[in-house]
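Trainee: If you scroll down you'll find the structure; I have some questions about it.
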Amino acid sequence: MTVRTWSRGGPGADVLVRGARVVDPLAGLDQTLDVLVRKGRIAAVGNDLAAPARVRVVEGEGRLLLPGFVDLHTHLRTPGREDEEDLTTASAAAAAGGYVAMFGMANTDPVVDSAAVLEGLARRAGAEATVPTGFFASLSRDLAGRQLTEMYELAQAGVVGFSDDGKPVGSAQLLRRALQYAKVTDRFVAVHAQDDSLMGGGVMHEGAVSAKLGLGGIPAIAESADVARALEVARYEQGRLHLCHLSTALALEHLERARALDLPVSAEACPHHLTLTDEVVTSLDSNLKMNPPLRAESDRRAIVSALRSGLVDCVATDHAPHAQQEKEVPFEAAPFGTTGLETAFAVLYGELVLKKELSLAVLVTRMSQTPARLAGLPVPTLVSGEPADFCLADGAARWTVEAAALHSKSTNSAWLGQTLQGRVTLTVAAGRIVFDDRA
Amino acid sequence: MAKRDLLSIDDLTRAEAELILETAESFLPVLQRDIKKVPTLRGRTIINMFYESSTRTLTSFELAAKRLSADTMNVRAAGSAVDKGESLKDTILTLSAYQPDIIVMRHPQIGACLLASRFTQASVINAGDGKFQHPSQCLLDLFTMRQALGRELDGKKVWIVGDILHSRVARSDIAGFQLLGMDVTVAGPPSLIPRDVESLGVSVEYSLDRLAEADVVYLLRMQMERMQEGANFIPSLREYSTLYGMTLERLRPGQKVMHPGPINRGVEISPEVADHPDTLILEQVEAGLAVRMAILYRTIAGYDERSADERGVA
Ligand SMILES: [Zn+2]
Ligand SMILES: [Zn+2]
């Protein structure tokens with residue numbers, strides 16, 4: 001029962017990238033090299049490689065050549081809200097962000113809670129997606145938090161895991177059953193940790209800024225209490241748990257303890273929680289409203305340090321497109337969520353790598369190789385014989401996030417109007433050129 | 001006469017269990033005769049007290065008593081004093097006033113038979129108490145296996161598949177099969193396998209991938225009440241049968257299939273397997289009669305002092 005992704009396919013690329021700085025922690029590479037791709041596979045990695053006939057040569061001098069990124073957490077809005085995103089635009093956004101695979105959450109309309117819905121979606125991905133796209137199935141039917149989905153059949157159909165993301169797991173009992181059953185399906189259960197009783201109708205982090213603005217606060221314990229519950233269940237059942245979008249230092253304390261107990265638990269963090277804090281919410285820009293909310297600087301620093309140490313395994317975008325008319329409302333009335341696929345690398349490169357909070361090698365591991373391994377996909381690596389899954393980025397390029405230039409169908413980016421440093425210029429996914437800024 | 005309860009399979013030593021099985025064998029010819037009756041328990045009184053409906057077990061015990069010429073009386077919870085709120089203790093005291101030799105009892109609660117035994121001079125035979133024990137089922141299963149595989153069950157592998165958590169049959173069978181030296185594996189969805197069940201000396205499997213190793217596949221009934229919305233023991237019956245249903249593809253030639261009944265065709269057992277010659281479900285029903293005769297006989301007569309001649313079967 002393997003995890004599957006679907007995409008449109010097409011001829012394998014023939015490309016020679018010359019003289020780029022290749023950073024591949026798995027292969028132990030951080031040096032200037034040429035990389036030759038023939039028919040979608042890496043044919044050679046070395047110095048002064050000759051360009052065979054009909055191979056496109058890309059000048060890589062001054063650029064970074066990185067294993068392609070894998071996003072374990074996107075909201076593709078398809079089926080149901082194709083006005084916000086579809087598989088073509090999500091692919092374009094992902095490709096422009098250097099992603100070579102992504103996984104959509106199940107909170108669509110209809111919910112991905114049966115093999116029939118999944119198969120319909122997979123067919124569409126096979127026709128529309130350029131970047132290999134896989135899917136989560138929901139844990140509970142219709143996301144109602146009551147009755148398990150047919151997890152075995154869904155696993156056979158290729159889902160990467162199970163999640164009721166968008167909502168917390170309906171009950172500890174449901175989580176327990178799901179983790180028990182995950183032993184049969186060999187898939188992980190991804191949890192959006194949130195104790196609803198502590199949400200209190202909040203719209204931003206509960207702290208100094210919410211005190212000043214008067215906006216309802218979402219306390220850190222809304223996350224950490226539910227993380228603690230999930231970890232207790234996972235500990236008892238020894239089931240494979242994945243914690244989505246961790247945002248608080250308190251939650252990390254629980255995760256640390258789980259790690260010490262050697263539990264089969266993984267965790268992700270989002271670019272916005274790694275780089276922004278509740279301070280920016282004073283602008284009352286509804287694109288800065290997400291759930292979990294932007295937290296305090298001390299939380300942000302804790303999440304960054306957890307990503308550095310590996311306590312948090314990977315970066316995931318929680319890419320959450322919303323229609324313009326739904327975000328162009330007062331902060332309190334706006335839906336939660338920011339897009340993230342196109343900006344993730346630039347945001348993290350500019351804010352963490354260049355500011356020396358994180359090394360480039362660690363960033364690459366957390367954006368590419370670890371999430372691929374967690375998903376059960378072949379791990380992108382720049383080694384001869386492997387499929388070509390990489391991106392080329394210009395670390396010096398500064399660019400301003402403009403609505404008109406975004407590939408996503410929605411423009412609700414937390415960085416709209418901001419200038420970022422670091423830009424993907426070429427993406428090769430599953431051996432095909434899916435993004436090329438010169439094309 | 002001393003009481004000789006059979007409340008749990010753990011009440012029996014290996015030698016006692018084997019003696020019951022051998023006695024049951026000696027009753028088999030009786031059941032083939034034109035007049036299927038022996039006078040062994042003439043004048044004895046046996047009360048079948050069923051607080052839970054069970055046509056199968058009740059008729060089997062009743063017929064076993066009749067074949068042994070005992071006087072029998074059936075008391076059901078519905079429509080009786082029990083229904084009017086009489087306590088278990090008072091019902092037992094009342095019935096005991098008739099000086100029965102044996103009370104065969106089925107009750108939905110664990111330990112009810114043990115409790116009943118404290119209030120009566122009659123020997124109590126547990127015909128199923130809640131999710132705990134069903135010793136006569138275990139003995140008839142052993143009998144059936146000895147008939148099909150030979151008397152030597154030592155080292156034979158049996159897989160008990162399905163809802164182990166809620167099954168008194170599984171709990172009796174695990175103990176009884178092990179008593180006769182069998183190697184027991186339990187298989188099913190993790191949610192229906194009791195935590196720490198390994199401590200009973202069984203192996204645990206969550207899939208049927210290695211089922212071919214089993215000499216006997218013992219299927220349990222998937223009870224519909226486990227399917228209540230929100231119980232989440234399994235996502236659906238359909239998925240259950242995909243993962244744990246016994247099908248012809250899963251049946252290794254020569255492997256025997258058993259089931260305590262009643263079966264759900266198409267859920268835990270495919271129709272083809274249910275009707276397959278290697279399936280022993282009807283043999284189990286037949287064995288039930290001889291084994292229950294042996295249990296009743298042992299309860300009243302004991303074995304030590306009587307010969308086969310006195311049993312009326314020579
Ligand atoms: Zn979420
Ligand atoms: Zn999400």
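Chain labels A, B, ... are given in the sequence in which chains occur in the structure tokens; within each chain residues are numbered consecutively from 1, and ligands are likewise numbered from 1 in the order shown.
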Excluding Ile102 of chain B and any residue of its chain fewer than 5 positions from it, enumerate the residues within 6 Å of it, using only C-alpha atoms, and give them as a list of chain:residue names.
Mentor: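 Neighbouring residues, sequence-local ones excluded: B:Ile46, B:Ala122, B:Ser123, B:Val124.
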Trainee: So which residues touch Phe27 of chain B within 9 Å, counting only C-alpha atoms, skipping near sequence neighbours fewer than 6 positions away, as a list in words?
Mentor: Ala290, Val291, Met293, Ala294 and Val313 of chain B
Trainee: Using only C-alpha atoms and all ligand atoms, determine which residues fall within 12 Å of ligand 2, then list them as an MDAnalysis selection string.
Mentor: chainID A and resid 71:77 103:108 136 163:168 190:193 243:246 268:270 290:292 316:321 336:340
Trainee: Give me, as a ChimeraX atom specification, the contact residues of chain B against chain A at a cut-off of 12 Å, counting only C-alpha atoms.
Mentor: /B:187-196,205-209,227-244
Trainee: For segment 11-18 of chain B, list every protein, DNA or RNA residue within 10 Å, evaluated using only C-alpha atoms, and leave out those in the same chain fewer than 5 positions away; present the list as a PyMOL selection string.
Mentor: chain B and resi 4-6+23-24+135+139+142-143+151+176+178-181+295+298+303
Trainee: Let's see if you can do this: from backbone DSSP, list all alpha helix (DSSP H) residues in segment 111-315 of chain A, as number ranges by chain.
Mentor: A: 115-128, 151-156, 172-185, 208-213, 220-237, 249-260, 271-275, 297-309
Trainee: Those residues you just picked out, can you put them in a file as a PDB file, in the first residue's frame with C-alpha atoms?
Mentor:
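Final file, again36.pdb:
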```pdb
ATOM      1  CA  ALA A 115     -12.318   6.146  -2.026  1.00  0.00           C
ATOM      2  CA  ALA A 116     -14.892   7.378  -4.517  1.00  0.00           C
ATOM      3  CA  VAL A 117     -14.219  11.050  -3.747  1.00  0.00           C
ATOM      4  CA  LEU A 118     -10.482  10.404  -3.710  1.00  0.00           C
ATOM      5  CA  GLU A 119     -10.582   8.672  -7.080  1.00  0.00           C
ATOM      6  CA  GLY A 120     -12.450  11.573  -8.624  1.00  0.00           C
ATOM      7  CA  LEU A 121      -9.899  13.979  -7.234  1.00  0.00           C
ATOM      8  CA  ALA A 122      -6.990  11.820  -8.340  1.00  0.00           C
ATOM      9  CA  ARG A 123      -8.371  11.752 -11.866  1.00  0.00           C
ATOM     10  CA  ARG A 124      -8.506  15.527 -11.879  1.00  0.00           C
ATOM     11  CA  ALA A 125      -4.972  15.770 -10.503  1.00  0.00           C
ATOM     12  CA  GLY A 126      -3.844  13.403 -13.233  1.00  0.00           C
ATOM     13  CA  ALA A 127      -5.304  15.784 -15.810  1.00  0.00           C
ATOM     14  CA  GLU A 128      -4.581  19.169 -14.232  1.00  0.00           C
ATOM     15  CA  MET A 151      -9.142   4.005   6.375  1.00  0.00           C
ATOM     16  CA  TYR A 152      -7.887   0.755   4.911  1.00  0.00           C
ATOM     17  CA  GLU A 153      -9.581   1.289   1.581  1.00  0.00           C
ATOM     18  CA  LEU A 154      -8.389   4.887   1.493  1.00  0.00           C
ATOM     19  CA  ALA A 155      -4.835   3.824   2.303  1.00  0.00           C
ATOM     20  CA  GLN A 156      -5.004   1.306  -0.523  1.00  0.00           C
ATOM     21  CA  ALA A 172      -9.935  11.463  22.329  1.00  0.00           C
ATOM     22  CA  GLN A 173     -11.794   8.226  21.610  1.00  0.00           C
ATOM     23  CA  LEU A 174     -11.858   8.944  17.872  1.00  0.00           C
ATOM     24  CA  LEU A 175      -8.143   9.727  17.924  1.00  0.00           C
ATOM     25  CA  ARG A 176      -7.480   6.550  19.853  1.00  0.00           C
ATOM     26  CA  ARG A 177      -9.407   4.429  17.383  1.00  0.00           C
ATOM     27  CA  ALA A 178      -7.723   6.135  14.458  1.00  0.00           C
ATOM     28  CA  LEU A 179      -4.277   5.511  15.914  1.00  0.00           C
ATOM     29  CA  GLN A 180      -5.190   1.902  16.606  1.00  0.00           C
ATOM     30  CA  TYR A 181      -6.409   1.486  13.087  1.00  0.00           C
ATOM     31  CA  ALA A 182      -3.351   3.250  11.719  1.00  0.00           C
ATOM     32  CA  LYS A 183      -1.448   0.095  12.672  1.00  0.00           C
ATOM     33  CA  VAL A 184      -3.474  -1.715  10.020  1.00  0.00           C
ATOM     34  CA  THR A 185      -3.190   0.991   7.381  1.00  0.00           C
ATOM     35  CA  ALA A 208      -0.245  42.005  24.922  1.00  0.00           C
ATOM     36  CA  VAL A 209      -1.346  42.824  21.392  1.00  0.00           C
ATOM     37  CA  SER A 210      -4.841  41.393  21.785  1.00  0.00           C
ATOM     38  CA  ALA A 211      -5.110  43.289  25.058  1.00  0.00           C
ATOM     39  CA  LYS A 212      -4.321  46.496  23.230  1.00  0.00           C
ATOM     40  CA  LEU A 213      -6.476  45.870  20.174  1.00  0.00           C
ATOM     41  CA  ALA A 220      -1.499  29.290  23.740  1.00  0.00           C
ATOM     42  CA  ILE A 221      -3.062  26.560  25.859  1.00  0.00           C
ATOM     43  CA  ALA A 222      -5.786  26.052  23.239  1.00  0.00           C
ATOM     44  CA  GLU A 223      -2.993  24.435  21.254  1.00  0.00           C
ATOM     45  CA  SER A 224      -0.828  22.963  23.967  1.00  0.00           C
ATOM     46  CA  ALA A 225      -3.657  21.305  25.919  1.00  0.00           C
ATOM     47  CA  ASP A 226      -4.801  19.468  22.801  1.00  0.00           C
ATOM     48  CA  VAL A 227      -1.219  18.575  21.858  1.00  0.00           C
ATOM     49  CA  ALA A 228      -0.869  17.078  25.323  1.00  0.00           C
ATOM     50  CA  ARG A 229      -4.064  15.073  24.840  1.00  0.00           C
ATOM     51  CA  ALA A 230      -2.982  13.826  21.433  1.00  0.00           C
ATOM     52  CA  LEU A 231       0.428  12.820  22.745  1.00  0.00           C
ATOM     53  CA  GLU A 232      -1.120  10.975  25.674  1.00  0.00           C
ATOM     54  CA  VAL A 233      -3.237   8.942  23.295  1.00  0.00           C
ATOM     55  CA  ALA A 234      -0.307   8.353  20.955  1.00  0.00           C
ATOM     56  CA  ARG A 235       1.829   7.236  23.848  1.00  0.00           C
ATOM     57  CA  TYR A 236      -0.780   4.764  25.022  1.00  0.00           C
ATOM     58  CA  GLU A 237      -1.419   3.367  21.562  1.00  0.00           C
ATOM     59  CA  ALA A 249       6.489  27.139  23.077  1.00  0.00           C
ATOM     60  CA  LEU A 250       4.107  25.347  25.435  1.00  0.00           C
ATOM     61  CA  ALA A 251       3.227  22.742  22.824  1.00  0.00           C
ATOM     62  CA  LEU A 252       6.929  22.156  22.179  1.00  0.00           C
ATOM     63  CA  GLU A 253       7.463  21.245  25.811  1.00  0.00           C
ATOM     64  CA  HIS A 254       5.009  18.387  25.406  1.00  0.00           C
ATOM     65  CA  LEU A 255       6.624  17.364  22.144  1.00  0.00           C
ATOM     66  CA  GLU A 256      10.028  17.345  23.805  1.00  0.00           C
ATOM     67  CA  ARG A 257       8.778  14.932  26.423  1.00  0.00           C
ATOM     68  CA  ALA A 258       7.242  12.719  23.732  1.00  0.00           C
ATOM     69  CA  ARG A 259      10.593  12.645  21.943  1.00  0.00           C
ATOM     70  CA  ALA A 260      12.322  11.645  25.136  1.00  0.00           C
ATOM     71  CA  PRO A 271       6.610  29.844   7.450  1.00  0.00           C
ATOM     72  CA  HIS A 272       4.322  32.461   9.012  1.00  0.00           C
ATOM     73  CA  HIS A 273       4.785  31.139  12.551  1.00  0.00           C
ATOM     74  CA  LEU A 274       8.529  30.951  11.955  1.00  0.00           C
ATOM     75  CA  THR A 275       8.884  34.540  10.788  1.00  0.00           C
ATOM     76  CA  GLU A 297       8.132  36.547  19.673  1.00  0.00           C
ATOM     77  CA  SER A 298       9.129  34.074  22.387  1.00  0.00           C
ATOM     78  CA  ASP A 299       6.957  31.448  20.707  1.00  0.00           C
ATOM     79  CA  ARG A 300       8.430  32.252  17.313  1.00  0.00           C
ATOM     80  CA  ARG A 301      11.946  31.884  18.631  1.00  0.00           C
ATOM     81  CA  ALA A 302      11.054  28.586  20.274  1.00  0.00           C
ATOM     82  CA  ILE A 303       9.593  27.235  17.025  1.00  0.00           C
ATOM     83  CA  VAL A 304      12.665  28.299  15.060  1.00  0.00           C
ATOM     84  CA  SER A 305      14.959  26.669  17.536  1.00  0.00           C
ATOM     85  CA  ALA A 306      12.847  23.496  17.447  1.00  0.00           C
ATOM     86  CA  LEU A 307      13.062  23.466  13.655  1.00  0.00           C
ATOM     87  CA  ARG A 308      16.814  23.911  13.921  1.00  0.00           C
ATOM     88  CA  SER A 309      17.232  21.058  16.389  1.00  0.00           C
TER      89      SER A 309
END
```
Trainee: Near His242 of chain A, within 6 Å and counting only C-alpha atoms, which residues show up once chain neighbours fewer than 5 positions away are dropped, as an NGL selection string?
Mentor: :A and (189-190 or 265-267)
Trainee: Which residues, written as a list in words, have at least one atom at most 12 Å from Ala397 of chain A, with only C-alpha atoms counted and residues fewer than 3 positions away on the same chain left out?
Mentor: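 So the residues in contact are Gly62, Arg63, Leu64, Ala346, Tyr349, Gly350, Ala393, Asp394, Thr400, Thr419, Leu420, Gln421, Gly422, Arg423, Val424 and Thr425 of chain A.
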Trainee: Kindly export the residues of the current selection with N, CA and C atoms, as a PDB file, in the first residue's frame.
Mentor:
```pdb
ATOM      1  N   GLY A  62      26.150  31.521  -9.180  1.00  0.00           N
ATOM      2  CA  GLY A  62      25.568  32.388  -8.158  1.00  0.00           C
ATOM      3  C   GLY A  62      24.209  31.915  -7.662  1.00  0.00           C
ATOM      4  N   ARG A  63      23.765  30.771  -8.166  1.00  0.00           N
ATOM      5  CA  ARG A  63      22.444  30.262  -7.777  1.00  0.00           C
ATOM      6  C   ARG A  63      22.594  29.048  -6.858  1.00  0.00           C
ATOM      7  N   LEU A  64      21.471  28.733  -6.231  1.00  0.00           N
ATOM      8  CA  LEU A  64      21.430  27.579  -5.326  1.00  0.00           C
ATOM      9  C   LEU A  64      20.656  26.462  -6.009  1.00  0.00           C
ATOM     10  N   ALA A 346      11.356  31.877  -0.018  1.00  0.00           N
ATOM     11  CA  ALA A 346      11.897  33.241   0.083  1.00  0.00           C
ATOM     12  C   ALA A 346      11.789  33.765   1.510  1.00  0.00           C
ATOM     13  N   TYR A 349      14.273  31.750   3.684  1.00  0.00           N
ATOM     14  CA  TYR A 349      15.660  32.041   3.305  1.00  0.00           C
ATOM     15  C   TYR A 349      16.033  33.438   3.769  1.00  0.00           C
ATOM     16  N   GLY A 350      15.173  34.379   3.467  1.00  0.00           N
ATOM     17  CA  GLY A 350      15.470  35.777   3.809  1.00  0.00           C
ATOM     18  C   GLY A 350      15.444  36.032   5.307  1.00  0.00           C
ATOM     19  N   ALA A 393      17.502  28.355  -7.257  1.00  0.00           N
ATOM     20  CA  ALA A 393      17.039  29.609  -6.660  1.00  0.00           C
ATOM     21  C   ALA A 393      18.141  30.655  -6.700  1.00  0.00           C
ATOM     22  N   ASP A 394      17.703  31.892  -6.824  1.00  0.00           N
ATOM     23  CA  ASP A 394      18.626  33.021  -6.802  1.00  0.00           C
ATOM     24  C   ASP A 394      18.557  33.641  -5.411  1.00  0.00           C
ATOM     25  N   THR A 400       9.121  41.821  -4.714  1.00  0.00           N
ATOM     26  CA  THR A 400       7.984  42.274  -3.926  1.00  0.00           C
ATOM     27  C   THR A 400       6.780  41.395  -4.259  1.00  0.00           C
ATOM     28  N   THR A 419       8.756  42.965   0.573  1.00  0.00           N
ATOM     29  CA  THR A 419       9.872  42.589  -0.286  1.00  0.00           C
ATOM     30  C   THR A 419      10.640  41.450   0.372  1.00  0.00           C
ATOM     31  N   LEU A 420      10.805  40.386  -0.390  1.00  0.00           N
ATOM     32  CA  LEU A 420      11.481  39.189   0.126  1.00  0.00           C
ATOM     33  C   LEU A 420      12.791  38.995  -0.613  1.00  0.00           C
ATOM     34  N   GLN A 421      13.682  38.243   0.006  1.00  0.00           N
ATOM     35  CA  GLN A 421      14.938  37.945  -0.685  1.00  0.00           C
ATOM     36  C   GLN A 421      15.100  36.442  -0.866  1.00  0.00           C
ATOM     37  N   GLY A 422      15.427  36.062  -2.111  1.00  0.00           N
ATOM     38  CA  GLY A 422      15.563  34.650  -2.452  1.00  0.00           C
ATOM     39  C   GLY A 422      14.400  34.268  -3.343  1.00  0.00           C
ATOM     40  N   ARG A 423      14.726  33.779  -4.529  1.00  0.00           N
ATOM     41  CA  ARG A 423      13.635  33.518  -5.471  1.00  0.00           C
ATOM     42  C   ARG A 423      13.931  32.285  -6.288  1.00  0.00           C
ATOM     43  N   VAL A 424      12.926  31.432  -6.393  1.00  0.00           N
ATOM     44  CA  VAL A 424      13.059  30.227  -7.215  1.00  0.00           C
ATOM     45  C   VAL A 424      12.991  30.633  -8.679  1.00  0.00           C
ATOM     46  N   THR A 425      13.919  30.096  -9.465  1.00  0.00           N
ATOM     47  CA  THR A 425      13.915  30.461 -10.892  1.00  0.00           C
ATOM     48  C   THR A 425      13.609  29.268 -11.790  1.00  0.00           C
TER      49      THR A 425
END
```
Trainee: Can you work out the spacing between atom CA of Phe188 of chain A and atom CA of Gly158 of chain A in Å, to one decimal?
Mentor: 12.7 Å
Trainee: By how many Å are atom CA of Gly310 of chain A and atom CA of Val364 of chain A apart?
Mentor: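 Separation of atom CA of Gly310 of chain A and atom CA of Val364 of chain A: 12.4 Å.
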